[in-house]
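Notes follow the structure.
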Amino acid sequence: MAASFKIKRLRTIYILYWFLLTYIIAALVWWFIALSQQNKMMTDYKLGELNTAEQGYQKQVNKINEEKRRKTGQYIGEGVTFFLLIVVGAVVVFRAVRRQFKQSQQQQNFMMAITHELKTPIAIAKLNLETLQKHKLPEEQQQQLISNTLQEAGRLNTLCNNLLLASKIESGDYEITTEKIDVGELVTESVNDFTMRFPKRNIDLNVSSGIYLTGDRLLLQMAVNNLIDNAIKYSGKEEKVEVSVKKENDEVRLLIKDEGKGIPDDEKNKVFIKFYRVGNLHTKEAKGTGLGLYLTKKIVEQHNGHILLADNEPRGSIFEVKL
Ligand code: ADP
């Protein structure tokens with residue numbers, strides 16, 4: 001409700017903005033016309049006051065005309081400067097308002113997504129535990145319910161970690177701890193964790209040993225988890241996910257490939273924006289908040305690395321992290 005009120009208010013600001021801008025430019029044009037007319041009238045008046053028989057008449061006329069030209073030049077110069085200042089100011093204000101407008105919309109989507117994201121795992125876990133408590137189920141079914149509950153708890157945990165970290169990074173409260181990390185080990189741990197949570201998924205791991213880097217273990221783990229989680233989430237159950245780590249020219253390269261529906265070219269940059277999710281609310285079948293890639297990019301950049309996104313062949317996406 002608050003967000004939609006904000007959007008309405010921003011709409012009013014937009015209308016007010018265009019009205020004011022048009023008024024200011026119209027006032028500027030009017031100011032220029034009025035001054036030019038005044039200038040012309042002054043010149044005509046001065047010329048009318050001159051005595052044609054007087055000595056040096058032509059010289060006086062030239063002087064008055066010269067003054068008129070100088071004044072016209074001055075008005076044009078001032079007018080153009082004002083106009084440019086107004087245009088620059090208008091562009092700056094417009095962009096700021098548009099950014100705020102977009103952020104408001106994304107925040108509204110985020111609030112809806114987060115409510116859903118928090119409620120679903122809790123409801124599922126509660127139902128599963130109640131079923132286990134009430135019924136004496138066969139061992140296999142019990143295990144199925146437990147693994148399902150663990151999966152939901154895992155999702156809740158990732159979500160909370162992402163939210164906490166996002167607010168800490170934003171407020172500058174997060175203190176990076178640096179330690180020597182075995183990248184292969186860290187990625188293997190992540191993949192093992194996902195294999196436990198999604199035993200039916202085919203996650204291919206290809207890691208060279210002895211690749212180390214200095215960084216924050218918790219943050220890097222989170223970045224890797226986010227990328228693998230997305231690869232699984234945005235591809236079909238039968239489709240393979242490939243994770244590989246190698247070292248090339250003193251650079252650690254982490255590749256996460258999936259065979260899902262991929263990301264269109266015009267969305268490739270946008271997916272790293274906070275709260276951004278591809279498609280509209282109705283087409284976003286997979287659960288999510290639009291925080292994962294935003295955080296992943298921040299984490300990679302804090303480690304002086306960069307993240308690239310390309311299309312996989314024949315379909316899907318490749319996320320490459322270079323550190
Ligand atoms: P979330 O997954 O919570 O929505 P992310 O920031 O992780 O948020 O991702 C932003 C958006 O980018 C997702 O909503 C999804 O539309 C798109 N996306 C991310 N990873 C992939 C992927 N591997 N394949 C296809 N689309 C993806």
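Letters for chains follow the order of the structure tokens (A, B, ...), residue numbers begin at 1 for each chain, and ligand numbers begin at 1 in the order shown.
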
Q) Can you tell me which residues sit at most 6 Å away from ligand 1, counting only C-alpha atoms and all ligand atoms, written as a list in words? A) Asn230, Ala231, Tyr234, Gly260, Lys261, Gly262, Ile263, Val271, Tyr276, Arg277, Val278, Gly288, Thr289, Gly290, Leu291, Gly292, Leu293, Tyr294 and Ser317 of chain A

Just-selected residues, C-alpha atoms written as a compact mmCIF listing (two decimals), in the first residue's frame:
```txt
# COMPACT_ATOMS: atom_id res chain seq x y z
CA ASN A 230 20.05 -19.86 -10.07
CA ALA A 231 21.43 -22.41 -12.54
CA TYR A 234 16.12 -21.48 -13.96
CA GLY A 260 17.77 -23.44 -19.07
CA LYS A 261 15.89 -20.83 -21.01
CA GLY A 262 18.76 -18.34 -20.79
CA ILE A 263 18.68 -14.56 -20.42
CA VAL A 271 19.76 -8.88 -13.93
CA TYR A 276 15.46 -6.93 -10.72
CA ARG A 277 13.77 -10.08 -12.03
CA VAL A 278 13.29 -10.98 -15.70
CA GLY A 288 13.12 -15.34 -5.94
CA THR A 289 13.71 -11.82 -4.73
CA GLY A 290 16.07 -10.33 -7.32
CA LEU A 291 18.81 -9.95 -4.72
CA GLY A 292 21.09 -12.88 -5.58
CA LEU A 293 22.91 -11.55 -8.63
CA TYR A 294 23.08 -8.01 -7.22
CA SER A 317 23.40 -19.23 -19.58
```

Next on the checklist: With only C-alpha atoms as the counted atoms, please give the residues lying no more than 12 Å from Lys274 (chain A), apart from itself and same-chain residues fewer than 3 positions off, as JSON, numbers by chain.
Outcome noted: {"A": [102, 103, 104, 105, 106, 107, 109, 110, 162, 163, 166, 167, 170, 269, 270, 271, 277, 289, 290, 291, 292, 293, 294, 295, 296, 297, 298]}

Inset, instruction - From a DSSP calculation on the backbone, collect every residue of region 181-297 of chain A in helix (DSSP H, G or I) and output the set as a ChimeraX atom specification. - result: /A:183-197,217-233,265-267,270-272,292-297

Extract, using only C-alpha atoms, all DNA, RNA and protein residues at most 12 Å from Gly73 (chain A), discarding same-chain residues fewer than 6 positions from it, and format them as a list of chain:residue names.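 In the requested format, the answer is A:Phe32, A:Leu35, A:Ser36, A:Asn39, A:Glu66, A:Glu67, A:Gly79, A:Val80.
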
Ile176 (chain A) surroundings by only C-alpha atoms, 10 Å radius, close-in-sequence under 4 positions cut, as a VMD selection string | chain A and resid 169 215 to 219 302 to 303

Pairwise distance, CA of Asp265 (chain A) with CA of Ile232 (chain A), equals 20.4 Å

- request: Please provide the set of residues having any atom within 7 Å of Ile307 (chain A), restricted to only C-alpha atoms, with same-chain residues fewer than 4 positions apart removed, written as a ChimeraX atom specification.
  value: /A:297,300,320-322

Kindly export the residues of the current selection with N, CA and C atoms, as an mmCIF file, in the first residue's frame.
```cif
data_model
loop_
_atom_site.group_PDB
_atom_site.id
_atom_site.type_symbol
_atom_site.label_atom_id
_atom_site.label_comp_id
_atom_site.auth_asym_id
_atom_site.auth_seq_id
_atom_site.Cartn_x
_atom_site.Cartn_y
_atom_site.Cartn_z
ATOM 1 N N LYS A 297 27.425 -9.856 -7.625
ATOM 2 C CA LYS A 297 28.276 -8.895 -8.327
ATOM 3 C C LYS A 297 29.045 -8.029 -7.316
ATOM 4 N N VAL A 300 31.843 -10.103 -5.819
ATOM 5 C CA VAL A 300 32.949 -10.304 -6.771
ATOM 6 C C VAL A 300 33.759 -9.010 -6.902
ATOM 7 N N GLU A 320 30.350 -16.350 -15.620
ATOM 8 C CA GLU A 320 31.792 -16.545 -15.407
ATOM 9 C C GLU A 320 32.290 -15.502 -14.403
ATOM 10 N N VAL A 321 32.971 -16.015 -13.366
ATOM 11 C CA VAL A 321 33.535 -15.105 -12.366
ATOM 12 C C VAL A 321 35.047 -15.166 -12.500
ATOM 13 N N LYS A 322 35.666 -13.988 -12.698
ATOM 14 C CA LYS A 322 37.132 -13.946 -12.796
ATOM 15 C C LYS A 322 37.659 -13.235 -11.567
#
```

Note to self: Please return, as a PyMOL selection string, all residues of region 53-242 of chain A that DSSP assigns to strand (DSSP E or B) on the basis of the backbone.
What the structure shows: chain A and resi 179-182+203-207+212-215+241-242

Would you save the residues of that selection, restricted to C-alpha atoms, as an mmCIF file, in the first residue's frame?
```cif
data_model
loop_
_atom_site.group_PDB
_atom_site.id
_atom_site.type_symbol
_atom_site.label_atom_id
_atom_site.label_comp_id
_atom_site.auth_asym_id
_atom_site.auth_seq_id
_atom_site.Cartn_x
_atom_site.Cartn_y
_atom_site.Cartn_z
ATOM 1 C CA GLU A 179 42.015 -15.559 4.590
ATOM 2 C CA LYS A 180 43.659 -17.977 2.212
ATOM 3 C CA ILE A 181 40.920 -20.002 0.565
ATOM 4 C CA ASP A 182 41.126 -23.222 -1.387
ATOM 5 C CA ILE A 203 25.388 -31.269 -11.341
ATOM 6 C CA ASP A 204 28.698 -31.771 -13.105
ATOM 7 C CA LEU A 205 31.764 -30.620 -11.164
ATOM 8 C CA ASN A 206 35.159 -30.037 -12.707
ATOM 9 C CA VAL A 207 37.718 -28.567 -10.329
ATOM 10 C CA TYR A 212 44.039 -20.529 -3.817
ATOM 11 C CA LEU A 213 42.993 -16.953 -3.342
ATOM 12 C CA THR A 214 42.748 -14.479 -0.498
ATOM 13 C CA GLY A 215 39.251 -13.357 0.353
ATOM 14 C CA VAL A 241 24.362 -27.857 -14.598
ATOM 15 C CA GLU A 242 28.138 -27.611 -15.029
#
```

>> When you look at Ile25 (chain A) with a cut-off of 10 Å (counting only C-alpha atoms), what residues show up, excluding the ones that are within fewer than 6 positions of it in the same chain? I need them as a PyMOL selection string.
In response: chain A and resi 31+82-83+86-87
